[in-house]
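Asker: Here it is, the structure, as structure tokens.
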2 protein chains.
Amino acid sequence: MTALATLTNHQIRLKARPSGLPKRDDWSFTTEPVAEPGDGGVLVKTLALSLDPAMRGWMNEGKSYIAPVGIGEVMRAGGIGEVIASKNPAFAVGDAVSGSLGVQEYCLVPAAEVKRSGLFKIDLRLGTMRQWLNVLGMPGMTGYFGLMDVGQPQPGETVVVSGAAGAVGQTVGQLAKIKGCRVVGIAGGPAKCAWVVKELGFDACIDYKSGDVKAGLKEHCPKGVDIYFDNVGGDILDTVLTRINRKARIIICGAISQYNNTTPVKGPANYLSLLVNRARMEGIVVFDYTERFPQAVAELAGYLKDGRLKSKEDVVTGLNSFPETLLKLFNGENFGKLVLQVA
Amino acid sequence: MTALATLTNHQIRLKARPSGLPKRDDWSFTTEPVAEPGDGGVLVKTLALSLDPAMRGWMNEGKSYIAPVGIGEVMRAGGIGEVIASKNPAFAVGDAVSGSLGVQEYCLVPAAEVKRSGLFKIDLRLGTMRQWLNVLGMPGMTGYFGLMDVGQPQPGETVVVSGAAGAVGQTVGQLAKIKGCRVVGIAGGPAKCAWVVKELGFDACIDYKSGDVKAGLKEHCPKGVDIYFDNVGGDILDTVLTRINRKARIIICGAISQYNNTTPVKGPANYLSLLVNRARMEGIVVFDYTERFPQAVAELAGYLKDGRLKSKEDVVTGLNSFPETLLKLFNGENFGKLVLQVA
């Protein structure tokens, strides 16, 4: 066991609510001594953090599916770590764990917070640490339950997914292929599009940065769109709405194109396509499915093992680079699930 | 039997696709001799026509849930009539029927069109002719299946319906009350709002013309909104989206506020409330439920009989007034289901 008294915890806290893209000035950088856990508590050393588009929403004031991060609080982040001290019988020193660790080097989880932080032991035989932040973690769970529970894909249906090379998109597309669907991705740039088709086995991928999304959908979805898994919102959502089939399902997972707006969100002007097509648009929040995570992890880990599911992470090192690394999500620079390696 | 040769059929045909509100010039007024039905055909004398917001959509070009009315064609309209000649064993002279009769005094339904025109005999013991155009007709069926199948109301839930004094809205609200829900209407003007509450028994009605819809929802839906039945779209849809509960259902039945737009439709900027609240927005087209109409008619006729369901029709007389009468729907002048009495 490390001598805890000698350790310093570097933390990144939300200093101000950003307008538009978060700037370095919106964060404060603090240090704290590392404390021993009390009865029932656990001390976790952060190894890697998950950087997700949803984080931008957590910085805003106002009611959402989760309370906003308070000004002065350590920024919320899911992560993978190692237990370095424990007074909780469920966790032993050396255990690999996943949970809401925050953007900091050490996370002291008091007894009362163990459940709320979602702390659980991970089995590194099922997937690597990075995969536990990707296909076996929140993005994978989001893709799994969004596609399977809300989308309910049937063999032969056409599934379109935006943010196809991102963390959620890669799981959604590959899983839809496994379930017997035709899968068309939408991603930014030729490298991502090529990877999605050649490595992940999507039937096609439309480059929204260089091409005409409407023409691409027409070409690659000759039978129309039965399921659209939307990670981006904005014009792409509106365009897909013009190509949906009867009884189509549109899964609203996110709207990354709108998160840094300083003007009002662009609503889908073509939403009456829902009426014409008796279609459904439904939101998904992954936290509703926590009880079923083990079942989904087992299924996805099986696909990882037999090679039908691949994963790609974009790893950046260093806690201090968090403010700039986060921005990669919003300018589309990340290629694969964005991970911040902390230790 | 009338001497058919002596009869003249006055018709109103679509002359031009309107931009914005349809003008009298967008119609042509024609006359034709009335012809005998051939084998399997039926000749119906139009008694009353249903004027509906959906008609505006039928005048536009382009793909929808139903083909547009062609230029030069008799304007499509559902109606009630009397069989005055029949060579079809399913219909006898004197039968009261409902079907797609068109804006004309006589409708000759050839054998091949009997099914497509939806022609069926109506039982005037279940409801008056006007009620067969209202709660027992398309608007009633739309409200019934939209609320029951898409909305799936549970006792104690809060249901909000816009266009509350209109044909669909009155059925939806009263049916939701019968099913044990709290019901809040949105309508234009104090007379409609008072009628909806006093006569139809809604718990409250918000006057969108004079009041603040957001404040009204806050006051009258203290537990939030579980089901929103949307007939209007636009700003009201956007406002309701800010007050929905988890797992709310939004039934997209129409968007009368947008039908005469010459600018693009206003999409719901607050659609991400679907994500935050894991809510669902779904379109309904009544024609999908034709096989189940008899069951719904029987249930609604029972409520009419025992007094739990009331209906109100706004009746205007004269085929020739059709162009101006139709506009009452779009300026909110109609009070109750708009009916054009033809004979």
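Following the order of the structure tokens, chains are lettered A, B, ..., residues in each are numbered from 1, and ligands are numbered from 1.
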Distance limit 7 Å, atoms considered: only C-alpha atoms. Which chain A residues sit that close to chain B? Return them as JSON, numbers by chain.

Answerer: {"A": [64, 65, 252, 253, 265, 266, 267, 268, 269, 270, 271, 274, 275, 276, 277, 278, 279, 280, 281, 282, 283, 284, 285]}

Asker: List every residue of region 148-247 of chain B that DSSP, applied to the backbone of this structure, places in strand (DSSP E), and write the result as a ChimeraX atom specification.

Answerer: /B:158-162,182-187,204-207,225-230,244-247

Asker: What does the file look like for those residues with N, CA and C atoms, as a PDB file, in the first residue's frame?

Answerer:
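Written output follows (selection.pdb):
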ATOM      1  N   THR B 158     -51.562  13.197 -16.439  1.00  0.00           N
ATOM      2  CA  THR B 158     -52.026  14.479 -16.948  1.00  0.00           C
ATOM      3  C   THR B 158     -51.908  14.495 -18.466  1.00  0.00           C
ATOM      4  N   VAL B 159     -53.043  14.790 -19.107  1.00  0.00           N
ATOM      5  CA  VAL B 159     -53.110  14.849 -20.568  1.00  0.00           C
ATOM      6  C   VAL B 159     -53.370  16.292 -20.984  1.00  0.00           C
ATOM      7  N   VAL B 160     -52.546  16.801 -21.888  1.00  0.00           N
ATOM      8  CA  VAL B 160     -52.772  18.132 -22.456  1.00  0.00           C
ATOM      9  C   VAL B 160     -53.135  17.947 -23.921  1.00  0.00           C
ATOM     10  N   VAL B 161     -54.149  18.690 -24.373  1.00  0.00           N
ATOM     11  CA  VAL B 161     -54.531  18.604 -25.786  1.00  0.00           C
ATOM     12  C   VAL B 161     -54.707  20.013 -26.344  1.00  0.00           C
ATOM     13  N   SER B 162     -54.062  20.265 -27.478  1.00  0.00           N
ATOM     14  CA  SER B 162     -54.234  21.555 -28.151  1.00  0.00           C
ATOM     15  C   SER B 162     -55.356  21.424 -29.176  1.00  0.00           C
ATOM     16  N   ARG B 182     -56.204  13.576 -15.588  1.00  0.00           N
ATOM     17  CA  ARG B 182     -56.403  15.013 -15.476  1.00  0.00           C
ATOM     18  C   ARG B 182     -56.222  15.574 -16.878  1.00  0.00           C
ATOM     19  N   VAL B 183     -57.155  16.436 -17.313  1.00  0.00           N
ATOM     20  CA  VAL B 183     -57.116  16.909 -18.693  1.00  0.00           C
ATOM     21  C   VAL B 183     -57.083  18.429 -18.756  1.00  0.00           C
ATOM     22  N   VAL B 184     -56.087  18.933 -19.465  1.00  0.00           N
ATOM     23  CA  VAL B 184     -55.951  20.376 -19.644  1.00  0.00           C
ATOM     24  C   VAL B 184     -55.957  20.667 -21.145  1.00  0.00           C
ATOM     25  N   GLY B 185     -56.878  21.523 -21.573  1.00  0.00           N
ATOM     26  CA  GLY B 185     -56.954  21.886 -22.981  1.00  0.00           C
ATOM     27  C   GLY B 185     -56.185  23.161 -23.270  1.00  0.00           C
ATOM     28  N   ILE B 186     -55.883  23.362 -24.531  1.00  0.00           N
ATOM     29  CA  ILE B 186     -55.359  24.640 -25.009  1.00  0.00           C
ATOM     30  C   ILE B 186     -56.250  25.027 -26.179  1.00  0.00           C
ATOM     31  N   ALA B 187     -56.839  26.223 -26.102  1.00  0.00           N
ATOM     32  CA  ALA B 187     -57.757  26.657 -27.156  1.00  0.00           C
ATOM     33  C   ALA B 187     -57.658  28.165 -27.297  1.00  0.00           C
ATOM     34  N   ALA B 204     -59.142  22.067 -16.908  1.00  0.00           N
ATOM     35  CA  ALA B 204     -58.756  23.454 -17.152  1.00  0.00           C
ATOM     36  C   ALA B 204     -58.553  23.628 -18.643  1.00  0.00           C
ATOM     37  N   CYS B 205     -58.557  24.898 -19.069  1.00  0.00           N
ATOM     38  CA  CYS B 205     -58.238  25.171 -20.474  1.00  0.00           C
ATOM     39  C   CYS B 205     -57.460  26.477 -20.548  1.00  0.00           C
ATOM     40  N   ILE B 206     -56.366  26.449 -21.261  1.00  0.00           N
ATOM     41  CA  ILE B 206     -55.482  27.610 -21.385  1.00  0.00           C
ATOM     42  C   ILE B 206     -55.805  28.336 -22.687  1.00  0.00           C
ATOM     43  N   ASP B 207     -56.072  29.642 -22.578  1.00  0.00           N
ATOM     44  CA  ASP B 207     -56.365  30.447 -23.761  1.00  0.00           C
ATOM     45  C   ASP B 207     -55.049  30.949 -24.351  1.00  0.00           C
ATOM     46  N   VAL B 225     -46.593  17.028 -17.466  1.00  0.00           N
ATOM     47  CA  VAL B 225     -47.423  16.541 -18.567  1.00  0.00           C
ATOM     48  C   VAL B 225     -46.974  15.133 -18.954  1.00  0.00           C
ATOM     49  N   ASP B 226     -47.891  14.198 -18.894  1.00  0.00           N
ATOM     50  CA  ASP B 226     -47.564  12.814 -19.273  1.00  0.00           C
ATOM     51  C   ASP B 226     -47.872  12.532 -20.737  1.00  0.00           C
ATOM     52  N   ILE B 227     -48.963  13.120 -21.213  1.00  0.00           N
ATOM     53  CA  ILE B 227     -49.349  12.929 -22.610  1.00  0.00           C
ATOM     54  C   ILE B 227     -49.691  14.292 -23.193  1.00  0.00           C
ATOM     55  N   TYR B 228     -49.111  14.584 -24.345  1.00  0.00           N
ATOM     56  CA  TYR B 228     -49.508  15.787 -25.061  1.00  0.00           C
ATOM     57  C   TYR B 228     -50.010  15.367 -26.435  1.00  0.00           C
ATOM     58  N   PHE B 229     -51.251  15.692 -26.707  1.00  0.00           N
ATOM     59  CA  PHE B 229     -51.859  15.389 -28.006  1.00  0.00           C
ATOM     60  C   PHE B 229     -51.805  16.673 -28.818  1.00  0.00           C
ATOM     61  N   ASP B 230     -50.926  16.687 -29.824  1.00  0.00           N
ATOM     62  CA  ASP B 230     -50.643  17.937 -30.526  1.00  0.00           C
ATOM     63  C   ASP B 230     -51.367  18.040 -31.855  1.00  0.00           C
ATOM     64  N   ILE B 244     -42.829  18.421 -19.943  1.00  0.00           N
ATOM     65  CA  ILE B 244     -43.171  16.990 -19.972  1.00  0.00           C
ATOM     66  C   ILE B 244     -42.466  16.209 -18.866  1.00  0.00           C
ATOM     67  N   ASN B 245     -43.076  15.131 -18.495  1.00  0.00           N
ATOM     68  CA  ASN B 245     -42.526  14.217 -17.493  1.00  0.00           C
ATOM     69  C   ASN B 245     -41.682  13.133 -18.148  1.00  0.00           C
ATOM     70  N   ARG B 246     -41.002  12.408 -17.300  1.00  0.00           N
ATOM     71  CA  ARG B 246     -40.299  11.213 -17.756  1.00  0.00           C
ATOM     72  C   ARG B 246     -41.265  10.269 -18.443  1.00  0.00           C
ATOM     73  N   LYS B 247     -40.794   9.700 -19.532  1.00  0.00           N
ATOM     74  CA  LYS B 247     -41.574   8.714 -20.282  1.00  0.00           C
ATOM     75  C   LYS B 247     -42.873   9.303 -20.844  1.00  0.00           C
TER      76      LYS B 247
END

Asker: Residues at most 8 Å from Glu61 (chain B), counting only C-alpha atoms, excluding those fewer than 3 positions away in the same chain, as a list of chain:residue names?

Answerer: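 Neighbouring residues, sequence-local ones excluded: B:Arg17, B:Trp58, B:Pro68.
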
Asker: For the residues in the current selection, export N, CA and C atoms as a PDB file, in the first residue's frame.

Answerer:
ATOM      1  N   ARG B  17     -52.320  24.958 -56.879  1.00  0.00           N
ATOM      2  CA  ARG B  17     -51.779  24.664 -55.548  1.00  0.00           C
ATOM      3  C   ARG B  17     -51.562  25.986 -54.811  1.00  0.00           C
ATOM      4  N   TRP B  58     -53.381  18.025 -48.273  1.00  0.00           N
ATOM      5  CA  TRP B  58     -53.722  17.301 -49.509  1.00  0.00           C
ATOM      6  C   TRP B  58     -53.579  18.174 -50.749  1.00  0.00           C
ATOM      7  N   PRO B  68     -51.484  13.599 -53.120  1.00  0.00           N
ATOM      8  CA  PRO B  68     -52.127  14.918 -53.161  1.00  0.00           C
ATOM      9  C   PRO B  68     -53.325  14.897 -54.114  1.00  0.00           C
TER      10      PRO B  68
END

Asker: Give the answer as one residue: which of A:Met75, A:Val232, A:Leu51, A:Val197 has the shortest atom-to-atom distance to Asn134 (chain A), using only C-alpha atoms?

Answerer: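 Using only C-alpha atoms, Asn134 (chain A) sits closest to A:Leu51.
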
Asker: List as a list in words the protein and nucleic acid residues near Val93 (chain B), meaning an atom at most 7 Å away when only C-alpha atoms are counted, but skip any in the same chain fewer than 5 places from it.

Answerer: Val83, Ile84, Ala85 and Ser86 of chain B

Asker: Pick out the residues sitting within 9 Å of region 28-42 of chain B, and hand them over as an mmCIF file with C-alpha atoms, in the first residue's frame; count only C-alpha atoms, and ignore anything fewer than 3 positions along from it in its own chain.

Answerer:
data_model
loop_
_atom_site.group_PDB
_atom_site.id
_atom_site.type_symbol
_atom_site.label_atom_id
_atom_site.label_comp_id
_atom_site.auth_asym_id
_atom_site.auth_seq_id
_atom_site.Cartn_x
_atom_site.Cartn_y
_atom_site.Cartn_z
ATOM 1 C CA LEU B 4 -81.127 10.953 -62.358
ATOM 2 C CA ALA B 5 -81.039 12.512 -65.782
ATOM 3 C CA THR B 6 -82.653 15.651 -64.393
ATOM 4 C CA LEU B 7 -79.968 16.202 -61.768
ATOM 5 C CA THR B 8 -76.896 18.394 -62.021
ATOM 6 C CA ASN B 9 -73.813 17.816 -59.913
ATOM 7 C CA HIS B 10 -72.079 20.964 -58.677
ATOM 8 C CA GLN B 11 -68.443 20.342 -57.870
ATOM 9 C CA ILE B 12 -65.473 22.227 -56.481
ATOM 10 C CA ARG B 13 -62.140 21.319 -57.991
ATOM 11 C CA LEU B 14 -58.571 22.244 -57.104
ATOM 12 C CA LYS B 15 -57.463 24.703 -59.770
ATOM 13 C CA ALA B 16 -54.038 25.675 -58.414
ATOM 14 C CA ARG B 24 -61.111 31.482 -53.915
ATOM 15 C CA ASP B 25 -59.084 31.649 -57.137
ATOM 16 C CA GLY B 72 -58.421 19.710 -61.837
ATOM 17 C CA VAL B 83 -77.607 6.249 -51.505
ATOM 18 C CA ILE B 84 -79.900 7.299 -54.362
ATOM 19 C CA ALA B 85 -78.964 4.556 -56.841
ATOM 20 C CA SER B 86 -77.126 1.314 -56.361
ATOM 21 C CA LYS B 87 -75.979 -1.647 -58.389
ATOM 22 C CA ASN B 88 -74.006 -2.970 -55.444
ATOM 23 C CA PRO B 89 -75.696 -5.563 -53.208
ATOM 24 C CA ALA B 90 -74.033 -4.094 -50.116
ATOM 25 C CA PHE B 91 -75.865 -0.775 -50.518
ATOM 26 C CA ALA B 92 -79.546 -0.056 -50.978
ATOM 27 C CA TYR B 106 -73.345 13.785 -55.903
ATOM 28 C CA CYS B 107 -70.665 11.154 -55.739
ATOM 29 C CA LEU B 108 -70.659 8.310 -58.203
ATOM 30 C CA VAL B 109 -68.603 5.507 -56.716
ATOM 31 C CA PRO B 110 -67.680 2.902 -59.346
ATOM 32 C CA ALA B 111 -67.315 -0.729 -58.243
ATOM 33 C CA ALA B 112 -63.532 -0.481 -58.251
ATOM 34 C CA GLU B 113 -63.602 2.545 -55.954
ATOM 35 C CA VAL B 114 -66.074 1.365 -53.332
ATOM 36 C CA ASN B 320 -70.483 27.232 -52.761
#

Asker: For region 325-339 of chain B, find every residue with an atom within 6 Å (counting only C-alpha atoms), except residues of its own chain fewer than 2 positions away, and show them as a list of chain:residue names.

Answerer: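 The contact residues come out as B:Leu49, B:Ser50, B:Leu51, B:Ala165, B:Gly166, B:Ala167, B:Lys312, B:Glu313, B:Asp314, B:Val315, B:Ser321, B:Phe322, B:Pro323.
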
Asker: Take the residues that were just selected and, keeping N, CA and C atoms, output them as a PDB file, in the first residue's frame.

Answerer:
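File written: again_39.pdb
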ATOM      1  N   LEU B  49     -70.461  17.518 -45.466  1.00  0.00           N
ATOM      2  CA  LEU B  49     -69.034  17.214 -45.639  1.00  0.00           C
ATOM      3  C   LEU B  49     -68.243  17.618 -44.401  1.00  0.00           C
ATOM      4  N   SER B  50     -67.204  16.884 -44.174  1.00  0.00           N
ATOM      5  CA  SER B  50     -66.301  17.172 -43.069  1.00  0.00           C
ATOM      6  C   SER B  50     -65.185  18.069 -43.575  1.00  0.00           C
ATOM      7  N   LEU B  51     -64.999  19.227 -42.943  1.00  0.00           N
ATOM      8  CA  LEU B  51     -63.878  20.094 -43.321  1.00  0.00           C
ATOM      9  C   LEU B  51     -62.797  19.963 -42.249  1.00  0.00           C
ATOM     10  N   ALA B 165     -61.017  22.621 -28.532  1.00  0.00           N
ATOM     11  CA  ALA B 165     -62.434  22.770 -28.891  1.00  0.00           C
ATOM     12  C   ALA B 165     -62.706  22.244 -30.293  1.00  0.00           C
ATOM     13  N   GLY B 166     -61.662  21.813 -30.963  1.00  0.00           N
ATOM     14  CA  GLY B 166     -61.825  21.287 -32.317  1.00  0.00           C
ATOM     15  C   GLY B 166     -62.340  19.867 -32.307  1.00  0.00           C
ATOM     16  N   ALA B 167     -62.458  19.314 -33.492  1.00  0.00           N
ATOM     17  CA  ALA B 167     -63.094  18.004 -33.632  1.00  0.00           C
ATOM     18  C   ALA B 167     -62.289  16.921 -32.927  1.00  0.00           C
ATOM     19  N   LYS B 312     -69.809  18.844 -30.404  1.00  0.00           N
ATOM     20  CA  LYS B 312     -70.270  20.139 -30.907  1.00  0.00           C
ATOM     21  C   LYS B 312     -69.792  20.290 -32.338  1.00  0.00           C
ATOM     22  N   GLU B 313     -70.725  20.657 -33.201  1.00  0.00           N
ATOM     23  CA  GLU B 313     -70.371  20.878 -34.584  1.00  0.00           C
ATOM     24  C   GLU B 313     -70.671  22.331 -34.948  1.00  0.00           C
ATOM     25  N   ASP B 314     -69.855  22.867 -35.804  1.00  0.00           N
ATOM     26  CA  ASP B 314     -70.033  24.221 -36.324  1.00  0.00           C
ATOM     27  C   ASP B 314     -70.461  24.028 -37.779  1.00  0.00           C
ATOM     28  N   VAL B 315     -71.750  24.260 -38.044  1.00  0.00           N
ATOM     29  CA  VAL B 315     -72.302  23.890 -39.347  1.00  0.00           C
ATOM     30  C   VAL B 315     -72.500  25.120 -40.228  1.00  0.00           C
ATOM     31  N   SER B 321     -69.997  27.886 -50.472  1.00  0.00           N
ATOM     32  CA  SER B 321     -69.236  28.621 -49.450  1.00  0.00           C
ATOM     33  C   SER B 321     -67.984  27.858 -49.024  1.00  0.00           C
ATOM     34  N   PHE B 322     -67.738  26.725 -49.646  1.00  0.00           N
ATOM     35  CA  PHE B 322     -66.597  25.888 -49.230  1.00  0.00           C
ATOM     36  C   PHE B 322     -65.273  26.654 -49.104  1.00  0.00           C
ATOM     37  N   PRO B 323     -64.856  27.448 -50.120  1.00  0.00           N
ATOM     38  CA  PRO B 323     -63.539  28.083 -50.023  1.00  0.00           C
ATOM     39  C   PRO B 323     -63.384  28.953 -48.771  1.00  0.00           C
TER      40      PRO B 323
END

Asker: Quick one: pull the distance between CA of Asp95 (chain A) and CA of Thr317 (chain A), Å, one decimal.

Answerer: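 A separation of 22.3 Å between them.
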
Asker: When DSSP is applied to the backbone of this structure, which of region 134-217 of chain A are assigned alpha helix (DSSP H)? Write them out as an MDAnalysis selection string.

Answerer: chainID A and resid 138:145 167:178 190:198 213:217

Asker: Using only C-alpha atoms, find the one residue out of B:Phe293, B:Phe202, B:Ala96, B:Val196 that sits nearest to Gly180 (chain B).

Answerer: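 That would be B:Phe202, the residue with the smallest distance to Gly180 (chain B).
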
Asker: With distances taken over only C-alpha atoms, which residue among A:Cys181, A:Lys209, A:Asn231, A:Gly224 lies nearest Val168 (chain A)?

Answerer: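 Looking only at the distances to Val168 (chain A), the closest residue turns out to be A:Asn231.
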
Asker: Can you measure CA of Ala215 (chain B) to CA of Thr239 (chain B) for me? One decimal in Å is fine.

Answerer: 9.9 Å
